[in-house]
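Enquirer: This is upload.txt, which holds compact mmCIF, C-alpha atoms:
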```
# COMPACT_ATOMS: atom_id res chain seq x y z
CA MET A 1 0.00 0.00 0.00
CA LYS A 2 1.30 3.49 -0.87
CA GLN A 3 2.29 5.90 1.91
CA VAL A 4 1.16 9.55 1.64
CA VAL A 5 2.12 12.32 4.07
CA ILE A 6 -0.08 15.42 4.43
CA VAL A 7 1.75 18.39 5.98
CA ASP A 8 -0.28 21.32 7.33
CA ASP A 9 -0.33 23.37 10.52
CA GLU A 10 -4.15 23.48 10.70
CA PRO A 11 -5.25 20.61 13.01
CA ASP A 12 -8.90 20.84 11.89
CA LEU A 13 -7.89 20.46 8.25
CA LEU A 14 -5.76 17.41 9.04
CA LEU A 15 -8.64 15.85 10.99
CA SER A 16 -11.11 16.41 8.16
CA ILE A 17 -8.65 15.00 5.60
CA ARG A 18 -8.11 11.92 7.79
CA ALA A 19 -11.87 11.46 8.16
CA GLY A 20 -12.35 11.89 4.42
CA PHE A 21 -9.87 9.12 3.64
CA GLU A 22 -10.97 6.60 6.29
CA ARG A 23 -12.34 4.18 3.69
CA ASN A 24 -9.52 4.66 1.23
CA ASP A 25 -7.84 1.36 0.33
CA ARG A 26 -5.20 2.65 -2.09
CA PHE A 27 -2.87 4.47 0.29
CA GLN A 28 -2.10 4.92 3.97
CA LEU A 29 -2.29 8.49 5.21
CA MET A 30 0.17 10.03 7.69
CA THR A 31 0.01 13.64 8.87
CA ALA A 32 2.51 16.21 10.09
CA ALA A 33 1.96 19.71 11.50
CA ASN A 34 5.12 21.18 9.94
CA GLY A 35 8.14 20.34 7.81
CA MET A 36 10.20 19.08 10.75
CA GLU A 37 7.55 16.47 11.61
CA ALA A 38 7.32 15.52 7.93
CA LEU A 39 11.10 14.96 7.74
CA ASP A 40 10.87 12.73 10.81
CA ILE A 41 8.21 10.67 9.03
CA LEU A 42 10.36 10.53 5.87
CA ASP A 43 13.37 9.40 7.94
CA ASN A 44 11.45 6.52 9.49
CA ASN A 45 9.10 5.35 6.72
CA VAL A 46 9.02 4.60 3.01
CA VAL A 47 6.93 7.47 1.64
CA ASP A 48 5.49 7.59 -1.88
CA LEU A 49 4.11 11.17 -1.90
CA VAL A 50 4.15 14.33 0.22
CA VAL A 51 1.34 16.88 0.10
CA THR A 52 2.47 20.06 1.85
CA ASP A 53 1.23 23.50 2.70
CA LEU A 54 3.69 26.31 2.03
CA ARG A 55 3.20 28.57 5.06
CA MET A 56 3.75 26.83 8.39
CA PRO A 57 5.69 27.51 11.61
CA LYS A 58 8.99 25.85 12.56
CA MET A 59 9.75 24.59 9.02
CA ASP A 60 7.59 25.75 6.12
CA GLY A 61 6.85 24.03 2.82
CA VAL A 62 9.67 25.66 0.87
CA GLU A 63 12.19 24.54 3.49
CA LEU A 64 10.64 21.07 3.47
CA LEU A 65 10.91 20.85 -0.33
CA ALA A 66 14.57 21.93 -0.07
CA ALA A 67 15.33 19.24 2.50
CA MET A 68 13.44 16.66 0.46
CA SER A 69 15.33 17.53 -2.72
CA GLN A 70 18.59 16.86 -0.89
CA SER A 71 17.69 13.86 1.26
CA PHE A 72 14.63 12.36 -0.46
CA PRO A 73 14.82 13.38 -4.15
CA GLU A 74 12.80 10.34 -5.20
CA VAL A 75 9.70 11.42 -3.24
CA PRO A 76 7.32 13.56 -5.34
CA SER A 77 5.26 16.39 -3.90
CA ILE A 78 2.01 18.28 -4.22
CA VAL A 79 1.73 21.79 -2.78
CA MET A 80 -1.42 23.23 -1.27
CA THR A 81 -1.73 26.88 -0.32
CA ALA A 82 -4.23 29.64 0.29
CA PHE A 83 -1.76 32.08 -1.28
CA GLY A 84 -1.39 30.59 -4.76
CA THR A 85 -0.79 32.57 -7.91
CA SER A 86 -0.50 31.47 -11.51
CA SER A 87 3.21 32.36 -11.38
CA LEU A 88 3.73 30.19 -8.31
CA GLU A 89 1.83 27.34 -9.96
CA GLN A 90 4.01 27.55 -13.08
CA GLN A 91 7.20 27.56 -10.99
CA LEU A 92 6.10 24.58 -8.91
CA LYS A 93 5.16 22.57 -12.01
CA LYS A 94 8.53 23.31 -13.59
CA ALA A 95 10.16 22.17 -10.34
CA GLY A 96 8.53 18.79 -10.56
CA THR A 97 5.60 19.39 -8.23
CA LEU A 98 2.70 17.73 -9.92
CA ASN A 99 -0.04 20.00 -8.66
CA LEU A 100 -0.77 23.20 -6.75
CA LEU A 101 -4.03 22.92 -4.85
CA GLU A 102 -5.88 26.02 -3.71
CA LYS A 103 -7.12 26.06 -0.12
CA PRO A 104 -9.76 25.65 1.05
CA LEU A 105 -9.98 22.36 -0.81
CA ASP A 106 -12.46 19.54 -0.85
CA ILE A 107 -11.66 15.88 -0.25
CA GLU A 108 -12.56 14.83 -3.81
CA THR A 109 -10.08 17.32 -5.33
CA LEU A 110 -7.34 16.22 -2.95
CA GLU A 111 -8.09 12.54 -3.53
CA GLN A 112 -7.94 12.95 -7.31
CA ALA A 113 -4.66 14.90 -7.08
CA ILE A 114 -3.13 12.18 -4.89
CA TYR A 115 -4.29 9.39 -7.23
CA ASN A 116 -2.95 11.29 -10.25
CA ALA A 117 0.40 11.87 -8.54
CA LEU A 118 0.77 8.27 -7.44
CA ASN A 119 -0.03 7.09 -10.97
CA PHE A 120 2.27 9.66 -12.61
CA TYR A 121 5.25 9.01 -10.34
CA GLN A 122 4.86 5.25 -10.09
CA ASN A 123 7.80 4.65 -12.46
CA ARG A 124 9.63 8.00 -12.17
CA ASP A 125 11.98 9.72 -9.80
CA GLY A 126 10.63 12.79 -8.05
CA GLY A 127 12.71 15.72 -6.94
CA VAL A 128 12.89 19.43 -7.54
CA ARG A 129 15.09 21.07 -10.18
CA LEU A 130 17.62 23.49 -8.72
CA ASP A 131 16.84 26.45 -10.99
CA ILE A 132 13.14 26.26 -10.20
CA PHE A 133 13.80 25.81 -6.50
CA LEU A 134 15.94 28.97 -6.46
CA GLN A 135 13.04 30.86 -8.04
CA LEU A 136 10.73 29.56 -5.30
CA VAL A 137 13.15 30.82 -2.63
CA ALA A 138 13.07 34.25 -4.27
CA MET A 139 9.28 34.29 -4.69
CA GLU A 140 8.69 33.28 -1.06
CA LYS A 141 11.29 35.86 0.10
CA LYS A 142 13.30 33.32 2.10
CA THR A 143 16.59 33.90 3.89
CA VAL A 144 18.62 30.75 3.37
CA HIS A 145 22.07 29.28 2.85
CA LEU A 146 21.62 26.53 0.29
CA LYS A 147 24.41 24.00 -0.25
CA VAL A 148 24.37 22.23 -3.62
CA PHE A 149 26.23 19.01 -4.39
CA GLY A 150 26.77 17.64 -7.90
CA PHE A 151 27.23 14.07 -9.02
CA ASP A 152 30.85 14.89 -9.94
CA ASN A 153 31.75 15.78 -6.31
CA ARG A 154 31.66 19.51 -7.04
CA HIS A 155 29.70 21.64 -4.62
CA GLY A 156 28.72 25.22 -4.00
CA SER A 157 26.47 27.49 -1.99
CA PHE A 158 23.82 30.11 -2.59
CA PHE A 159 23.10 32.81 -0.01
CA PHE A 160 19.68 34.49 -0.06
CA SER A 161 18.43 37.31 2.15
CA LYS A 162 14.67 37.89 2.05
CA GLY A 163 14.47 36.33 -1.40
CA TYR A 164 17.43 38.21 -2.90
CA LEU A 165 20.54 36.31 -3.97
CA ILE A 166 23.33 38.11 -2.13
CA ASP A 167 26.23 35.77 -2.81
CA ALA A 168 27.21 32.46 -4.34
CA GLU A 169 30.34 30.34 -4.24
CA GLN A 170 31.74 27.26 -5.93
CA ASP A 171 35.21 25.97 -5.14
CA ASP A 172 37.39 29.11 -5.40
CA LEU A 173 34.75 31.21 -7.20
CA THR A 174 32.54 33.69 -5.32
CA GLY A 175 30.04 36.38 -6.21
CA ASP A 176 27.64 36.60 -9.13
```
Could the structure of this file be written out as structure tokens, please?
Expert:
Amino acid sequence: MKQVVIVDDEPDLLLSIRAGFERNDRFQLMTAANGMEALDILDNNVVDLVVTDLRMPKMDGVELLAAMSQSFPEVPSIVMTAFGTSSLEQQLKKAGTLNLLEKPLDIETLEQAIYNALNFYQNRDGGVRLDIFLQLVAMEKKTVHLKVFGFDNRHGSFFFSKGYLIDAEQDDLTGD
């Protein structure tokens, strides 16, 4: 049976989603109140899909997607938010997120999105492309230090302050 994690800081929403999927026989549902709890679930379980809100305390959805792209690149994601725009939806789709769901959402819409994602990613690797992820950091005005590692053992860092790229480095190179 497939394992799906729903990440949202609204306890009532998580309860209604759980209740809506009680009779579901295609996947097992796990819930987390923030990105840190979701990472704990990912560390201790085989997860087939993560559905996450973007704005949450402790660790938000953008930070969760960043951690997943580094530690769990094979796990696909769906984003749900009350603050969606067409630009955000385009960026998330380019990044490999299958769907952006507008909140409030109904159980049927969520169920169909989960089924579509599980079918789509059944024989594919998930993950988020770096260029699209950097655009998400800028759009969400995040302050982050992002370390990037390549398959050829090269690595570098990006430094963002409130969504603005302020510095970057790779080996002996720094700056723009």
Enquirer: Please provide the set of residues having any atom within 6 Å of Met80 in chain A, restricted to all atoms listed in the file, with same-chain residues fewer than 4 positions apart removed, written as number ranges by chain.
Expert: A: 52-53, 100-102
Enquirer: Counting only C-alpha atoms, which residues have an atom no more than 12 Å from (3.2, 27.3, 2.7) in the file's coordinates? Please list them as a JSON list (two decimals) with C-alpha atoms, in the frame of the given file.
Expert:
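Writing done, so here's out.json:
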```json
[["chain", "number", "residue", "atom", "x", "y", "z"],
["A", 7, "VAL", "CA", 1.75, 18.39, 5.98],
["A", 8, "ASP", "CA", -0.28, 21.32, 7.33],
["A", 9, "ASP", "CA", -0.33, 23.37, 10.52],
["A", 10, "GLU", "CA", -4.15, 23.48, 10.70],
["A", 33, "ALA", "CA", 1.96, 19.71, 11.50],
["A", 34, "ASN", "CA", 5.12, 21.18, 9.94],
["A", 35, "GLY", "CA", 8.14, 20.34, 7.81],
["A", 51, "VAL", "CA", 1.34, 16.88, 0.10],
["A", 52, "THR", "CA", 2.47, 20.06, 1.85],
["A", 53, "ASP", "CA", 1.23, 23.50, 2.70],
["A", 54, "LEU", "CA", 3.69, 26.31, 2.03],
["A", 55, "ARG", "CA", 3.20, 28.57, 5.06],
["A", 56, "MET", "CA", 3.75, 26.83, 8.39],
["A", 57, "PRO", "CA", 5.69, 27.51, 11.61],
["A", 58, "LYS", "CA", 8.99, 25.85, 12.56],
["A", 59, "MET", "CA", 9.75, 24.59, 9.02],
["A", 60, "ASP", "CA", 7.59, 25.75, 6.12],
["A", 61, "GLY", "CA", 6.85, 24.03, 2.82],
["A", 62, "VAL", "CA", 9.67, 25.66, 0.87],
["A", 63, "GLU", "CA", 12.19, 24.54, 3.49],
["A", 64, "LEU", "CA", 10.64, 21.07, 3.47],
["A", 65, "LEU", "CA", 10.91, 20.85, -0.33],
["A", 78, "ILE", "CA", 2.01, 18.28, -4.22],
["A", 79, "VAL", "CA", 1.73, 21.79, -2.78],
["A", 80, "MET", "CA", -1.42, 23.23, -1.27],
["A", 81, "THR", "CA", -1.73, 26.88, -0.32],
["A", 82, "ALA", "CA", -4.23, 29.64, 0.29],
["A", 83, "PHE", "CA", -1.76, 32.08, -1.28],
["A", 84, "GLY", "CA", -1.39, 30.59, -4.76],
["A", 88, "LEU", "CA", 3.73, 30.19, -8.31],
["A", 100, "LEU", "CA", -0.77, 23.20, -6.75],
["A", 101, "LEU", "CA", -4.03, 22.92, -4.85],
["A", 102, "GLU", "CA", -5.88, 26.02, -3.71],
["A", 103, "LYS", "CA", -7.12, 26.06, -0.12],
["A", 136, "LEU", "CA", 10.73, 29.56, -5.30],
["A", 137, "VAL", "CA", 13.15, 30.82, -2.63],
["A", 139, "MET", "CA", 9.28, 34.29, -4.69],
["A", 140, "GLU", "CA", 8.69, 33.28, -1.06],
["A", 142, "LYS", "CA", 13.30, 33.32, 2.10]]
```
Enquirer: Find, counting all atoms listed in the file, the residue in A:Val148, A:Ala67, A:Asn119, A:Leu105 that gets nearest to Asp43 in chain A.
Expert: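 Smallest distance to Asp43 in chain A is found for A:Ala67.
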Enquirer: Report, in Å with one decimal, the straight-line distance from CA of Val47 in chain A to CA of Val4 in chain A.
Expert: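 Separation of CA of Val47 in chain A and CA of Val4 in chain A: 6.1 Å.
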Enquirer: Under the rule that all atoms listed in the file are counted, which of A:Phe160, A:Phe72, A:Arg154, A:Lys147 is the nearest residue to Gln135 in chain A?
Expert: A:Phe160
Enquirer: When distances are computed from only C-alpha atoms, which of A:Gly175, A:Pro104, A:Pro11, A:Pro76 shows the smallest separation from Phe158 in chain A?
Expert: A:Gly175
Enquirer: Pick from A:Thr143, A:Thr109, A:Gln3, A:Gln170: nearest to Phe27 in chain A, with all atoms listed in the file counted?
Expert: A:Gln3
Enquirer: If you measure from CA of Val5 in chain A to CA of Thr31 in chain A, what distance in Å do you get, rounded to one decimal?
Expert: 5.4 Å
Enquirer: Kindly list the centre and edge lengths in Å, rounded to one decimal, for the axis-aligned box that covers all listed atoms of range 2-9 of chain A plus 4 Å on each of its six sides, as JSON.
Expert:
```
{"center_x": 1.0, "center_y": 13.4, "center_z": 4.8, "size_x": 10.6, "size_y": 27.9, "size_z": 19.4}
```
Enquirer: Please indicate the distance in Å from CA of Val75 in chain A to CA of Val50 in chain A, rounded to one decimal place.
Expert: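 About the pair CA of Val75 in chain A and CA of Val50 in chain A: they are 7.2 Å apart.
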Enquirer: So which one's closest to Asn24 in chain A, A:Met68, A:Ile107, A:Leu49, A:Leu42? Using all atoms listed in the file, please.
Expert: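 Closest to Asn24 in chain A of all the choices is A:Ile107.
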Enquirer: Would you list the contacts of Glu169 in chain A as a list in words, taking every protein, DNA or RNA residue within 8 Å and counting all atoms listed in the file, but skipping same-chain residues closer than 3 positions in sequence?
Expert: Gly156, Ser157, Phe158, Asp172, Leu173, Thr174 and Gly175 of chain A
Enquirer: Which one of A:Ala32, A:Ala138, A:Val144, A:Ala38 sits closest to Tyr164 in chain A if you count all atoms listed in the file?
Expert: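 Closest residue, counting all atoms listed in the file: A:Ala138.
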